[in-house]
Amino acid sequence: MTEWLLLVLLVPAIVAPVVLLFGFAGCGFTGHAVALPVPVINSANGKSRSVIALNWVIDVAATEIEFERSLVTGMGPMGPPFTFRKTGSPNTQDDDENLESGTTYEYKARAVFGGGDTSEQSAPVWGTTLAGVAFDSAGAGGSGSGAGSATTTWPHTVSVESNTVVVGMRWAQSVGLLPLNETPTRTATFGGAAMTSLGVIGLNNAALTATALNGTFVYQEFFGLRDPPTGPQTVSVSVNRQGAGSVSLTGCSVTYKAVSGIGAVTSVFGTEAGTVLSQPVSSATDEMVVQMFSTATGTVTGYNQTVRFDGAPNGIGLVIGDAAGAPSVPFTASRATGVDYAGLAVRLIHGP
């Protein structure tokens, strides 16, 4: 009898905590609500002065993604957030709603499911709109040579935000049995897409059809392409002049964001005594100026702007660089004393 009495007293003492712990009694089960998968914002990259490209990972069952965007100041995120939604797929879309140029924003996101259920909020990610034309990436560059023609290729990986590519090329031809007045053929392709010559000049303004006996003539040229293919690409440049004793070339590619157009090319050239290289360029404050110097012999040193390609490690007189636009942008460098030289500069005009 004592054993039965103990059993009656112990069973409720055991069952009650179990019910409280697991939330069930008898055949029913109430449990706790299962947490909905939280999205992850991979990146928020400035695409132009008024657009930030968002990339995310979200559960396949989600129908939309809801973003909260806050302005970031020196004190951190400020003010009430702006809320907007995007479809869950594709997972890279633009935020282009009332963004200011050169401004940083914080993004958080929730996954939205059928019936209007939403997940918890994601970790924050910051993104900044561009203040003007911006550098994207530079290719590896390459060199080549041959009798009568030369070709070289190199790899270049381009971001999805890039919309303009510029290729700078220095090439030289030595006189062989050159047909008189024939102009060398120069081509450049980016990911298989043909590029347009933006301007060419001979060092000390040598003519493209130069045919002086025993002469070697050096030239430099810019090529451009709007809306190039993105991702890993192959760049190819070539020069062909039948009858030339030899042709050699070196080049590199640079890509940029937030460009609406390619402006005119300006040039300088000379052969005067001294070592100075100088090319001032007039530009607007939200533009980018891409520039290069070439020399007949020796290397280019002491370039005062951002270098994107330097031929000096291979003993080649070529440097390609850029600088933010301004009413007057100075490009300067040094050369071997008294050698022929030339400079080219092209303005990249800002826009979406």
# chains A, B, ... in the order shown; residues from 1 in each chain; ligands from 1
>>> residues_around(residues="Ala342 of chain A", least_positions_apart="3", cutoff="7 Å", atoms="only C-alpha atoms", output="list in words")
Gly202, Leu203, Asn204, Val268, Phe269, Gly270, Phe293, Ser294 and Thr295 of chain A
>>> write_last_selection(atoms="N, CA and C atoms", output="tab-separated table (two decimals), in the first residue's frame")
chain	number	residue	atom	x	y	z
A	202	GLY	N	52.86	59.40	-82.76
A	202	GLY	CA	54.24	58.94	-82.79
A	202	GLY	C	55.09	59.75	-81.84
A	203	LEU	N	56.10	59.11	-81.27
A	203	LEU	CA	57.02	59.85	-80.42
A	203	LEU	C	57.69	60.93	-81.26
A	204	ASN	N	57.75	62.13	-80.70
A	204	ASN	CA	58.18	63.31	-81.43
A	204	ASN	C	57.34	63.53	-82.68
A	268	VAL	N	50.85	65.35	-76.13
A	268	VAL	CA	52.07	66.15	-76.13
A	268	VAL	C	53.16	65.29	-76.75
A	269	PHE	N	54.21	65.92	-77.25
A	269	PHE	CA	55.34	65.17	-77.82
A	269	PHE	C	56.55	66.08	-77.88
A	270	GLY	N	57.74	65.49	-78.07
A	270	GLY	CA	58.94	66.29	-78.20
A	270	GLY	C	60.19	65.45	-78.18
A	293	PHE	N	52.55	58.00	-70.79
A	293	PHE	CA	53.77	58.52	-71.39
A	293	PHE	C	54.53	57.35	-72.01
A	294	SER	N	55.17	57.61	-73.16
A	294	SER	CA	56.09	56.64	-73.76
A	294	SER	C	57.37	57.34	-74.16
A	295	THR	N	58.48	56.60	-74.09
A	295	THR	CA	59.76	57.12	-74.53
A	295	THR	C	60.42	56.15	-75.50
>>> residues_around(residues="Ala284 of chain A", least_positions_apart="3", cutoff="7 Å", atoms="only C-alpha atoms", output="ChimeraX atom specification")
/A:287,325-327
>>> write_last_selection(atoms="N, CA and C atoms", output="PDB file, in the first residue's frame")
ATOM      1  N   GLU A 287      35.010  63.700 -63.243  1.00  0.00           N
ATOM      2  CA  GLU A 287      35.552  62.861 -64.311  1.00  0.00           C
ATOM      3  C   GLU A 287      36.798  62.118 -63.837  1.00  0.00           C
ATOM      4  N   GLY A 325      39.387  63.970 -61.993  1.00  0.00           N
ATOM      5  CA  GLY A 325      39.259  65.185 -62.771  1.00  0.00           C
ATOM      6  C   GLY A 325      39.331  66.448 -61.927  1.00  0.00           C
ATOM      7  N   ALA A 326      39.779  67.535 -62.548  1.00  0.00           N
ATOM      8  CA  ALA A 326      39.888  68.845 -61.914  1.00  0.00           C
ATOM      9  C   ALA A 326      40.066  69.860 -63.042  1.00  0.00           C
ATOM     10  N   PRO A 327      39.873  71.144 -62.751  1.00  0.00           N
ATOM     11  CA  PRO A 327      40.070  72.137 -63.817  1.00  0.00           C
ATOM     12  C   PRO A 327      41.430  72.033 -64.489  1.00  0.00           C
TER      13      PRO A 327
END
>>> residues_around(residues="Ala193 of chain A", least_positions_apart="6", cutoff="9 Å", atoms="only C-alpha atoms", output="PDB file with C-alpha atoms, in the first residue's frame")
ATOM      1  CA  LEU A 225      35.112  50.181 -75.221  1.00  0.00           C
ATOM      2  CA  PRO A 228      32.544  45.626 -71.833  1.00  0.00           C
ATOM      3  CA  PRO A 229      31.835  42.007 -70.881  1.00  0.00           C
TER       4      PRO A 229
END
>>> atom_distance(atom1="atom CA of Val125 of chain A", atom2="atom CA of Gly46 of chain A")
12.5 Å
>>> select_by_dssp(residues="segment 80-257 of chain A", states="helix (DSSP H, G or I)", output="PyMOL selection string")
chain A and resi 114-116+203-205
>>> atom_distance(atom1="atom CA of Ala62 of chain A", atom2="atom CA of Asn42 of chain A")
17.0 Å
>>> closest_atom_pairs(of="segment 221-258 of chain A", to="segment 129-136 of chain A", cutoff="8 Å", atoms="only C-alpha atoms", output="JSON lines")
{"residue": "A:Val254", "atom": "CA", "partner": "A:Asp136", "partner_atom": "CA", "distance": 7.5}
{"residue": "A:Thr255", "atom": "CA", "partner": "A:Asp136", "partner_atom": "CA", "distance": 5.2}
{"residue": "A:Tyr256", "atom": "CA", "partner": "A:Phe135", "partner_atom": "CA", "distance": 4.6}
{"residue": "A:Lys257", "atom": "CA", "partner": "A:Ala134", "partner_atom": "CA", "distance": 5.1}
{"residue": "A:Ala258", "atom": "CA", "partner": "A:Val133", "partner_atom": "CA", "distance": 5.0}
>>> write_last_selection(atoms="N, CA and C atoms", output="PDB file, in the first residue's frame")
ATOM      1  N   VAL A 254      42.637  48.936 -68.411  1.00  0.00           N
ATOM      2  CA  VAL A 254      42.123  49.458 -67.148  1.00  0.00           C
ATOM      3  C   VAL A 254      40.616  49.665 -67.302  1.00  0.00           C
ATOM      4  N   THR A 255      39.828  49.246 -66.293  1.00  0.00           N
ATOM      5  CA  THR A 255      38.386  49.424 -66.355  1.00  0.00           C
ATOM      6  C   THR A 255      37.924  50.412 -65.292  1.00  0.00           C
ATOM      7  N   TYR A 256      36.764  51.065 -65.582  1.00  0.00           N
ATOM      8  CA  TYR A 256      36.253  52.124 -64.727  1.00  0.00           C
ATOM      9  C   TYR A 256      34.737  51.991 -64.559  1.00  0.00           C
ATOM     10  N   LYS A 257      34.238  52.595 -63.460  1.00  0.00           N
ATOM     11  CA  LYS A 257      32.813  52.593 -63.143  1.00  0.00           C
ATOM     12  C   LYS A 257      32.227  53.993 -63.325  1.00  0.00           C
ATOM     13  N   ALA A 258      30.913  54.024 -63.532  1.00  0.00           N
ATOM     14  CA  ALA A 258      30.145  55.273 -63.564  1.00  0.00           C
ATOM     15  C   ALA A 258      30.584  56.211 -64.677  1.00  0.00           C
TER      16      ALA A 258
END
>>> residues_around(residues="Thr271 of chain A", least_positions_apart="3", cutoff="8 Å", atoms="only C-alpha atoms", output="ChimeraX atom specification")
/A:204,338-341
>>> closest_residue(among="A:Met78, A:Ala312, A:Leu99, A:Val200", to="Ser48 of chain A", atoms="only C-alpha atoms")
A:Leu99
>>> closest_residue(among="A:Cys252, A:Leu208, A:Ala61, A:Val38", to="Trp154 of chain A", atoms="only C-alpha atoms")
A:Cys252
>>> closest_residue(among="A:Ala172, A:Ile201, A:Thr189, A:Ser282", to="Phe331 of chain A", atoms="only C-alpha atoms")
A:Ser282
>>> atom_distance(atom1="atom CA of Arg308 of chain A", atom2="atom CA of Thr216 of chain A")
26.9 Å
>>> residues_around(residues="Pro77 of chain A", least_positions_apart="2", cutoff="12 Å", atoms="only C-alpha atoms", output="MDAnalysis selection string")
chainID A and resid 68:75 79:82 103:108 124:127
>>> write_last_selection(atoms="C-alpha atoms", output="mmCIF file, in the first residue's frame")
data_model
loop_
_atom_site.group_PDB
_atom_site.id
_atom_site.type_symbol
_atom_site.label_atom_id
_atom_site.label_comp_id
_atom_site.auth_asym_id
_atom_site.auth_seq_id
_atom_site.Cartn_x
_atom_site.Cartn_y
_atom_site.Cartn_z
ATOM 1 C CA GLU A 68 16.071 48.744 -44.315
ATOM 2 C CA ARG A 69 18.474 51.470 -45.439
ATOM 3 C CA SER A 70 19.929 54.044 -43.056
ATOM 4 C CA LEU A 71 22.173 57.017 -43.748
ATOM 5 C CA VAL A 72 25.642 56.629 -42.186
ATOM 6 C CA THR A 73 27.316 59.697 -40.735
ATOM 7 C CA GLY A 74 30.372 60.244 -38.602
ATOM 8 C CA MET A 75 28.256 59.162 -35.646
ATOM 9 C CA GLY A 79 17.612 58.739 -38.681
ATOM 10 C CA PRO A 80 14.615 56.535 -39.409
ATOM 11 C CA PRO A 81 15.397 53.780 -41.924
ATOM 12 C CA PHE A 82 13.958 53.736 -45.432
ATOM 13 C CA THR A 103 27.319 58.877 -49.442
ATOM 14 C CA THR A 104 27.472 55.766 -47.242
ATOM 15 C CA TYR A 105 24.380 53.755 -46.308
ATOM 16 C CA GLU A 106 23.770 50.801 -43.995
ATOM 17 C CA TYR A 107 21.596 47.924 -45.199
ATOM 18 C CA LYS A 108 19.778 45.255 -43.176
ATOM 19 C CA PRO A 124 24.292 45.026 -41.408
ATOM 20 C CA VAL A 125 26.379 45.798 -44.504
ATOM 21 C CA TRP A 126 27.558 49.246 -45.598
ATOM 22 C CA GLY A 127 27.697 50.561 -49.169
#
>>> residues_around(residues="segment 230-244 of chain A", least_positions_apart="3", cutoff="8 Å", atoms="only C-alpha atoms", output="PyMOL selection string")
chain A and resi 147-160+162+171+173-179+182-192+247+249+251+253
>>> residues_around(residues="Leu36 of chain A", least_positions_apart="4", cutoff="12 Å", atoms="only C-alpha atoms", output="VMD selection string")
chain A and resid 58 to 62 110 to 114 116 to 122
